[in-house]
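Structure file input08.cif (mmCIF, C-alpha atoms and all ligand atoms) is printed below.
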data_start
loop_
_atom_site.label_atom_id
_atom_site.label_comp_id
_atom_site.auth_asym_id
_atom_site.auth_seq_id
_atom_site.Cartn_x
_atom_site.Cartn_y
_atom_site.Cartn_z
CA MET A 1 108.60 99.26 154.20
CA ALA A 2 105.72 101.62 153.83
CA GLY A 3 102.94 101.57 156.25
CA SER A 4 100.63 103.01 158.78
CA PRO A 5 100.78 101.81 162.36
CA GLU A 6 97.63 99.75 161.96
CA PRO A 7 98.45 96.40 160.33
CA ALA A 8 96.54 95.34 157.21
CA VAL A 9 95.68 92.03 158.89
CA GLN A 10 95.40 91.16 162.55
CA VAL A 11 94.79 87.57 163.58
CA ARG A 12 94.19 86.83 167.24
CA GLU A 13 93.85 83.40 168.82
CA LEU A 14 92.41 81.98 165.60
CA ARG A 15 91.04 78.49 165.89
CA VAL A 16 89.79 76.46 162.92
CA VAL A 17 88.50 72.92 163.08
CA ARG A 18 88.34 70.91 159.86
CA GLY A 19 87.35 67.28 159.65
CA GLY A 20 87.00 67.19 163.45
CA ARG A 21 90.62 68.26 163.96
CA ALA A 22 92.00 71.61 165.10
CA VAL A 23 93.91 72.69 162.00
CA LEU A 24 94.72 76.12 163.48
CA ASP A 25 94.73 76.32 167.24
CA GLY A 26 95.17 79.75 168.80
CA LEU A 27 97.16 81.38 166.01
CA SER A 28 98.02 85.11 166.24
CA LEU A 29 99.87 87.37 163.81
CA ASP A 30 99.97 90.81 162.20
CA ILE A 31 100.66 91.64 158.56
CA ALA A 32 102.09 95.09 157.91
CA ARG A 33 100.58 97.33 155.23
CA GLY A 34 102.57 97.75 152.05
CA SER A 35 104.59 94.60 152.60
CA VAL A 36 105.15 91.36 150.71
CA THR A 37 104.72 88.68 153.34
CA GLY A 38 105.56 85.08 152.53
CA LEU A 39 103.61 82.30 154.20
CA LEU A 40 105.79 79.25 154.07
CA GLY A 41 105.47 75.77 155.41
CA PRO A 42 105.10 72.15 154.40
CA SER A 43 102.09 70.85 152.58
CA GLY A 44 99.14 70.43 154.92
CA CYS A 45 100.45 72.74 157.65
CA GLY A 46 97.43 75.06 157.29
CA LYS A 47 98.51 77.84 154.91
CA THR A 48 95.38 77.69 152.78
CA THR A 49 93.18 77.46 155.87
CA LEU A 50 94.79 80.61 157.26
CA MET A 51 94.37 82.43 153.94
CA ARG A 52 90.74 81.37 153.70
CA SER A 53 90.20 82.71 157.22
CA ILE A 54 91.73 86.06 156.23
CA VAL A 55 89.60 86.27 153.09
CA GLY A 56 86.56 85.34 155.16
CA VAL A 57 85.45 82.12 153.47
CA GLN A 58 86.52 79.73 156.24
CA LYS A 59 84.27 78.84 159.13
CA THR A 60 86.22 79.55 162.29
CA ALA A 61 85.80 78.02 165.74
CA GLY A 62 87.29 80.87 167.74
CA GLY A 63 89.43 83.99 167.75
CA ARG A 64 89.29 87.10 165.63
CA VAL A 65 90.53 88.10 162.18
CA THR A 66 90.53 91.82 161.31
CA VAL A 67 91.26 92.89 157.73
CA LEU A 68 91.78 96.55 156.81
CA GLY A 69 90.04 97.49 160.04
CA ARG A 70 86.97 95.28 159.51
CA PRO A 71 86.04 91.72 160.43
CA ALA A 72 87.27 89.24 157.80
CA GLY A 73 84.54 88.52 155.27
CA ASP A 74 82.73 91.84 155.82
CA ALA A 75 80.82 92.70 152.62
CA ARG A 76 82.55 96.08 152.49
CA LEU A 77 85.87 94.31 152.04
CA ARG A 78 84.82 92.58 148.85
CA ARG A 79 86.42 95.08 146.48
CA ARG A 80 89.34 95.77 148.80
CA VAL A 81 90.64 92.20 148.99
CA GLY A 82 91.79 90.04 146.07
CA TYR A 83 92.19 86.29 146.47
CA VAL A 84 93.77 83.80 144.08
CA THR A 85 93.17 80.17 144.97
CA GLN A 86 95.40 77.31 143.88
CA ALA A 87 92.74 75.95 141.55
CA PRO A 88 91.95 77.96 138.40
CA SER A 89 89.26 80.49 139.21
CA VAL A 90 88.48 81.81 135.75
CA TYR A 91 86.31 80.38 132.95
CA SER A 92 88.33 78.27 130.55
CA ASP A 93 85.74 78.53 127.76
CA LEU A 94 85.87 82.34 127.69
CA THR A 95 88.62 84.55 126.31
CA VAL A 96 90.98 86.49 128.56
CA ALA A 97 89.10 89.73 127.84
CA GLU A 98 85.68 88.13 128.38
CA ASN A 99 86.78 86.76 131.74
CA LEU A 100 88.24 90.05 132.89
CA ARG A 101 85.25 92.07 131.72
CA TYR A 102 82.90 89.63 133.42
CA PHE A 103 84.72 89.85 136.76
CA ALA A 104 85.00 93.64 136.38
CA ALA A 105 81.20 93.76 136.02
CA VAL A 106 80.69 91.49 139.06
CA LEU A 107 82.93 93.75 141.13
CA GLY A 108 81.40 96.90 139.68
CA VAL A 109 84.73 98.30 138.53
CA PRO A 110 85.15 100.15 135.20
CA ARG A 111 85.45 97.98 132.11
CA ALA A 112 88.72 99.68 131.20
CA ASP A 113 90.27 98.12 134.28
CA ALA A 114 90.28 94.78 132.41
CA GLU A 115 92.87 96.17 130.00
CA ARG A 116 95.00 97.58 132.79
CA VAL A 117 95.24 94.26 134.64
CA ALA A 118 95.89 92.26 131.45
CA ALA A 119 98.87 94.51 130.78
CA GLN A 120 100.02 94.29 134.40
CA VAL A 121 100.40 90.50 134.25
CA GLY A 122 101.95 90.54 130.78
CA LEU A 123 98.94 89.29 128.84
CA ARG A 124 98.65 92.22 126.46
CA GLY A 125 97.97 90.87 123.01
CA ARG A 126 96.45 87.66 124.36
CA GLU A 127 93.11 89.20 125.27
CA ARG A 128 91.25 87.39 122.49
CA ASP A 129 92.68 83.95 123.35
CA VAL A 130 90.39 81.40 124.91
CA VAL A 131 91.73 80.73 128.40
CA GLY A 132 91.46 76.95 128.04
CA ARG A 133 93.99 77.09 125.21
CA LEU A 134 96.59 79.10 127.10
CA SER A 135 99.66 77.58 128.75
CA GLY A 136 99.57 76.82 132.47
CA GLY A 137 101.54 79.95 133.27
CA GLN A 138 99.31 82.17 131.16
CA HIS A 139 96.23 80.60 132.72
CA ALA A 140 97.60 81.35 136.20
CA ARG A 141 98.21 84.94 135.15
CA VAL A 142 94.58 85.35 134.06
CA SER A 143 93.49 84.34 137.61
CA LEU A 144 95.98 86.83 139.02
CA ALA A 145 94.74 89.55 136.66
CA ALA A 146 91.17 88.96 137.83
CA ALA A 147 92.33 89.41 141.43
CA LEU A 148 93.98 92.72 140.50
CA LEU A 149 90.73 94.25 139.20
CA GLY A 150 89.72 97.30 141.18
CA GLU A 151 93.23 97.66 142.70
CA PRO A 152 92.57 95.77 145.94
CA GLU A 153 94.49 96.94 148.99
CA LEU A 154 95.13 93.37 150.15
CA LEU A 155 96.09 90.53 147.83
CA VAL A 156 96.04 86.98 149.16
CA LEU A 157 97.77 84.65 146.71
CA ASP A 158 97.84 80.92 147.31
CA GLU A 159 100.95 79.52 145.63
CA PRO A 160 100.74 81.88 142.63
CA THR A 161 104.06 80.78 141.14
CA VAL A 162 103.70 77.01 141.42
CA GLY A 163 104.62 75.28 138.17
CA LEU A 164 105.87 78.46 136.50
CA ASP A 165 109.25 78.75 134.82
CA PRO A 166 111.99 80.77 136.56
CA VAL A 167 111.71 83.76 134.21
CA LEU A 168 107.99 84.07 134.77
CA ARG A 169 108.40 83.56 138.51
CA ARG A 170 110.86 86.42 138.62
CA GLU A 171 108.54 88.64 136.59
CA LEU A 172 105.68 87.90 138.95
CA TRP A 173 107.78 88.59 142.04
CA ASP A 174 108.81 91.91 140.45
CA LEU A 175 105.13 92.68 139.90
CA PHE A 176 104.32 91.77 143.54
CA HIS A 177 106.94 94.25 144.72
CA ARG A 178 105.69 96.96 142.37
CA LEU A 179 102.19 96.47 143.78
CA ALA A 180 103.54 96.68 147.33
CA GLY A 181 105.54 99.76 146.35
CA ALA A 182 102.26 101.34 145.27
CA GLY A 183 100.83 100.63 148.72
CA ALA A 184 99.19 97.19 148.41
CA THR A 185 99.71 94.48 150.99
CA LEU A 186 100.48 91.00 149.69
CA LEU A 187 100.29 87.67 151.48
CA ILE A 188 101.80 84.95 149.32
CA SER A 189 102.01 81.28 150.20
CA SER A 190 104.60 78.90 148.91
CA HIS A 191 106.19 75.68 149.91
CA VAL A 192 109.22 76.51 147.81
CA MET A 193 111.65 77.83 150.37
CA ASP A 194 113.86 79.58 147.81
CA GLU A 195 111.06 82.08 147.22
CA ALA A 196 111.41 83.21 150.82
CA THR A 197 114.26 85.57 150.11
CA ARG A 198 111.99 87.53 147.77
CA CYS A 199 109.70 88.48 150.65
CA ASP A 200 109.96 91.49 152.98
CA HIS A 201 108.65 89.41 155.82
CA LEU A 202 108.15 85.71 156.49
CA LEU A 203 105.65 83.68 158.40
CA LEU A 204 106.93 80.13 158.80
CA MET A 205 104.21 77.69 159.61
CA ARG A 206 104.22 74.14 160.85
CA ASP A 207 101.40 71.89 162.09
CA GLY A 208 98.96 74.79 162.27
CA ALA A 209 101.26 77.10 164.24
CA ILE A 210 103.46 80.06 163.31
CA ILE A 211 106.99 79.07 164.32
CA ALA A 212 108.67 82.23 163.04
CA ASP A 213 107.48 85.73 162.16
CA ASP A 214 110.37 87.88 160.99
CA THR A 215 112.38 89.20 158.04
CA PRO A 216 114.39 86.68 156.00
CA ALA A 217 117.64 88.33 157.15
CA ALA A 218 116.66 88.20 160.82
CA LEU A 219 115.70 84.53 160.53
CA LEU A 220 119.02 83.66 158.96
CA ALA A 221 120.88 85.65 161.61
CA ARG A 222 118.91 84.10 164.45
CA THR A 223 119.48 80.52 163.32
CA GLY A 224 122.97 80.97 161.86
CA ALA A 225 121.68 79.30 158.69
CA ARG A 226 122.74 80.22 155.17
CA GLU A 227 119.41 79.45 153.57
CA ILE A 228 115.81 79.75 154.70
CA GLU A 229 115.28 76.01 154.32
CA GLN A 230 118.03 75.36 156.87
CA ALA A 231 116.66 78.10 159.09
CA PHE A 232 113.25 76.45 158.91
CA LEU A 233 114.70 73.09 159.96
CA ALA A 234 116.60 74.72 162.83
CA LEU A 235 113.39 76.41 163.97
CA VAL A 236 111.49 73.12 163.78
CA GLU A 237 114.07 71.53 166.08
CA GLU A 238 113.84 74.50 168.42
CA ASP A 239 110.08 74.22 168.39
CA GLN A 240 109.87 70.45 168.87
CA ARG A 241 106.70 69.79 170.67
CA PRO A 242 105.57 66.41 171.98
CA ASP A 243 102.29 66.41 170.03
CA THR A 244 103.67 66.27 166.51
CA ALA A 245 102.65 62.74 165.62
CA THR A 246 101.27 63.92 162.29
CA GLY A 247 104.79 64.47 161.00
CA THR A 248 107.16 67.34 160.60
CA GLY A 249 106.35 68.25 157.12
CA THR A 250 107.74 66.64 154.15
CA SER A 251 105.43 67.23 151.26
CA ALA A 252 103.94 63.77 151.65
CA GLY A 253 100.31 63.25 152.36
CA VAL A 254 98.06 66.21 151.94
CA SER A 255 97.54 67.67 148.54
CA GLY A 256 95.79 70.79 149.76
CA SER A 257 93.86 70.91 146.54
CA ASP A 258 90.37 70.46 147.93
CA ARG A 259 89.11 73.80 146.75
CA SER A 260 85.38 73.36 146.86
CA GLU A 261 82.84 76.14 146.83
CA PRO A 262 83.36 78.58 149.69
CA ALA A 263 79.75 78.28 150.81
CA LYS A 264 79.95 74.51 150.90
CA GLU A 265 83.30 74.49 152.63
CA ALA A 266 82.30 77.15 155.12
CA SER A 267 79.86 74.73 156.67
CA ARG A 268 82.64 72.35 157.68
N1 LIG A 301 88.00 70.04 153.47
C1 LIG A 301 88.69 69.58 154.51
N2 LIG A 301 88.13 68.77 155.40
C2 LIG A 301 88.81 68.32 156.45
N3 LIG A 301 90.08 68.62 156.72
C3 LIG A 301 90.70 69.42 155.85
C4 LIG A 301 90.06 69.94 154.70
N4 LIG A 301 90.93 70.69 154.04
C5 LIG A 301 92.08 70.67 154.72
N5 LIG A 301 91.95 69.89 155.81
C6 LIG A 301 92.97 69.66 156.84
O1 LIG A 301 93.56 70.90 157.12
C7 LIG A 301 94.99 70.76 157.11
C8 LIG A 301 95.54 72.04 156.53
O2 LIG A 301 95.21 72.09 155.14
P1 LIG A 301 95.63 73.32 154.23
O3 LIG A 301 95.02 73.10 152.88
O4 LIG A 301 95.30 74.56 154.96
O5 LIG A 301 97.21 73.13 154.18
P2 LIG A 301 98.30 73.85 153.25
O6 LIG A 301 99.44 74.20 154.15
O7 LIG A 301 97.67 74.94 152.50
O8 LIG A 301 98.75 72.70 152.26
P3 LIG A 301 99.29 72.80 150.73
O9 LIG A 301 100.62 73.46 150.78
O10 LIG A 301 99.38 71.36 150.31
O11 LIG A 301 98.26 73.56 149.96
C9 LIG A 301 95.29 69.52 156.31
O12 LIG A 301 96.34 68.82 156.87
C10 LIG A 301 94.03 68.70 156.40
O13 LIG A 301 94.19 67.74 157.42
#
Written as structure tokens, that's how I'd like the structure from this file.
Ligand SMILES: Nc1ncnc2c1ncn2[C@@H]1O[C@H](COP(=O)(O)OP(=O)(O)OP(=O)(O)O)[C@@H](O)[C@H]1O
Amino acid sequence: MAGSPEPAVQVRELRVVRGGRAVLDGLSLDIARGSVTGLLGPSGCGKTTLMRSIVGVQKTAGGRVTVLGRPAGDARLRRRVGYVTQAPSVYSDLTVAENLRYFAAVLGVPRADAERVAAQVGLRGRERDVVGRLSGGQHARVSLAAALLGEPELLVLDEPTVGLDPVLRRELWDLFHRLAGAGATLLISSHVMDEATRCDHLLLMRDGAIIADDTPAALLARTGAREIEQAFLALVEEDQRPDTATGTGTSAGVSGSDRSEPAKEASR
């Protein structure tokens, strides 16, 4: 793994309260530069909340989040951090090219960058298509392309492969590794455990806490499990705490799809 000694992201004692409940309560972690880090855990465990805190759109109740040497959300990070939410974040009534040129203008990056990112996500030749008429996978790739504008040093991707077919998923994971190979840092959430093996490093999350922070191989070795899903279950047992009345994390319950406007949400 490439990297300078200073991590791309440092989270210290992060506390976030949402809906009157501590969703993250004293969470600390580092994310190494030039790595593909997977953030895995059951629905509702706090993955999106952590990502929002790193991007700087989540109101926090305590602790510190440092991104590329600056406080999360610092205006100077705007062009250095790309974020793809779970909900579509591009205009469905515009074409692929119109969307990408618009976001390039907002970011102040050269117009030609729109073509580069369209090619990077495999949308060459679809630039004139209206986004609303693309398939789900193509639509997701337009959001990803928009996040790649300006070559951000940190990419935070919230479930970027959900609902995509296996071929496309593999292509995207190959792209993620190419980006990391070129020096970018990627934080990618998923609740599909089989994607874990594609990551350089894993953060396993449960009930708002990080229960493991290691490489996939080290996690398998430590738990004696053959697959990350089994390793996760072994770690949950190891980590059993008395205050887990909210459940251990099947995908029941929380949809995690409450992506409202950052400004609105930040007041919560
Ligand atoms: N807008 C909100 N208001 C109040 N509580 C919220 C809000 N959004 C999320 N929560 C709470 O925060 C917890 C963590 O939600 P979050 O979206 O971070 O989970 P997640 O791990 O990303 O889930 P998923 O995998 O389903 O996207 C949820 O269990 C929920 O109780």
What lies within 10 Å of range 98-100 of chain A using all atoms listed in the file, ignoring chain neighbours under 2 positions off, as an mmCIF file with C-alpha atoms, in the frame of the given file?
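This is the output file around-v8.cif:
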data_model
loop_
_atom_site.group_PDB
_atom_site.id
_atom_site.type_symbol
_atom_site.label_atom_id
_atom_site.label_comp_id
_atom_site.auth_asym_id
_atom_site.auth_seq_id
_atom_site.Cartn_x
_atom_site.Cartn_y
_atom_site.Cartn_z
ATOM 1 C CA VAL A 90 88.480 81.810 135.750
ATOM 2 C CA TYR A 91 86.310 80.380 132.950
ATOM 3 C CA SER A 92 88.330 78.270 130.550
ATOM 4 C CA ASP A 93 85.740 78.530 127.760
ATOM 5 C CA LEU A 94 85.870 82.340 127.690
ATOM 6 C CA THR A 95 88.620 84.550 126.310
ATOM 7 C CA VAL A 96 90.980 86.490 128.560
ATOM 8 C CA TYR A 102 82.900 89.630 133.420
ATOM 9 C CA PHE A 103 84.720 89.850 136.760
ATOM 10 C CA ALA A 104 85.000 93.640 136.380
ATOM 11 C CA ALA A 105 81.200 93.760 136.020
ATOM 12 C CA VAL A 106 80.690 91.490 139.060
ATOM 13 C CA ARG A 111 85.450 97.980 132.110
ATOM 14 C CA ALA A 112 88.720 99.680 131.200
ATOM 15 C CA ASP A 113 90.270 98.120 134.280
ATOM 16 C CA ALA A 114 90.280 94.780 132.410
ATOM 17 C CA GLU A 115 92.870 96.170 130.000
ATOM 18 C CA VAL A 117 95.240 94.260 134.640
ATOM 19 C CA ALA A 118 95.890 92.260 131.450
ATOM 20 C CA GLU A 127 93.110 89.200 125.270
ATOM 21 C CA ARG A 128 91.250 87.390 122.490
ATOM 22 C CA ASP A 129 92.680 83.950 123.350
ATOM 23 C CA VAL A 130 90.390 81.400 124.910
ATOM 24 C CA VAL A 131 91.730 80.730 128.400
ATOM 25 C CA VAL A 142 94.580 85.350 134.060
ATOM 26 C CA SER A 143 93.490 84.340 137.610
ATOM 27 C CA ALA A 145 94.740 89.550 136.660
ATOM 28 C CA ALA A 146 91.170 88.960 137.830
ATOM 29 C CA ALA A 147 92.330 89.410 141.430
ATOM 30 C CA LEU A 148 93.980 92.720 140.500
ATOM 31 C CA LEU A 149 90.730 94.250 139.200
#
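Distance-wise, CA of Thr197 in chain A and CA of Gly38 in chain A end up 9.0 Å apart.
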Point (102.7, 87.4, 133.4), cut-off 9 Å, counting all atoms listed in the file, residues as a list in words: Ala118, Ala119, Gln120, Val121, Gly122, Leu123, Gly137, Gln138, Ala140, Arg141, Val142, Leu144, Ala145, Leu168, Arg169, Glu171, Leu172 and Leu175 of chain A
Nearest residue to ligand LIG 301 (chain A) from the set A:Asp200, A:Asp213, A:Glu159, A:Asp25 (distances using all atoms listed in the file):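 Between A:Asp200, A:Asp213, A:Glu159, A:Asp25, the residue approaching ligand LIG 301 (chain A) most closely is A:Glu159.
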Range 225-232 of chain A, all listed atoms, 8 Å padding on each side: what axis-aligned box centre and edge lengths in Å to one decimal come out, as JSON?
{"center_x": 118.0, "center_y": 77.8, "center_z": 156.3, "size_x": 25.5, "size_y": 20.9, "size_z": 21.5}
From A:Leu186, A:Met205, A:Ala8, A:Ala221, residue lying nearest Leu77 in chain A [all atoms listed in the file]: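 Closest to Leu77 in chain A, using all atoms listed in the file: A:Ala8.
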Coordinates-based distance that separates CA of Ile228 in chain A from CA of Arg198 in chain A (Å, one decimal): 11.1 Å
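What separates CA of Asp214 in chain A from CA of Leu235 in chain A is a distance of 12.2 Å.
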Close residues, Pro152 in chain A itself excluded, 8 Å, all atoms listed in the file, min 2 positions apart in chain, as a PyMOL selection string: chain A and resi 79-82+147-150+154-155+184
Given all atoms listed in the file as the counted atoms, nearest of A:Ser190, A:Gln10, A:Thr60, A:Ser28 to ligand LIG 301 (chain A):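 Closest to ligand LIG 301 (chain A) of all the choices is A:Ser190.
Across A:Asp194, A:Asp158, A:Glu238, A:Glu229, the tightest approach to ligand LIG 301 (chain A) is made by A:Asp158 when counting all atoms listed in the file.
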Selected residue of minimal separation from Thr85 in chain A among A:Arg52, A:Arg178, A:Arg116, A:Arg206, counting only C-alpha atoms: A:Arg52
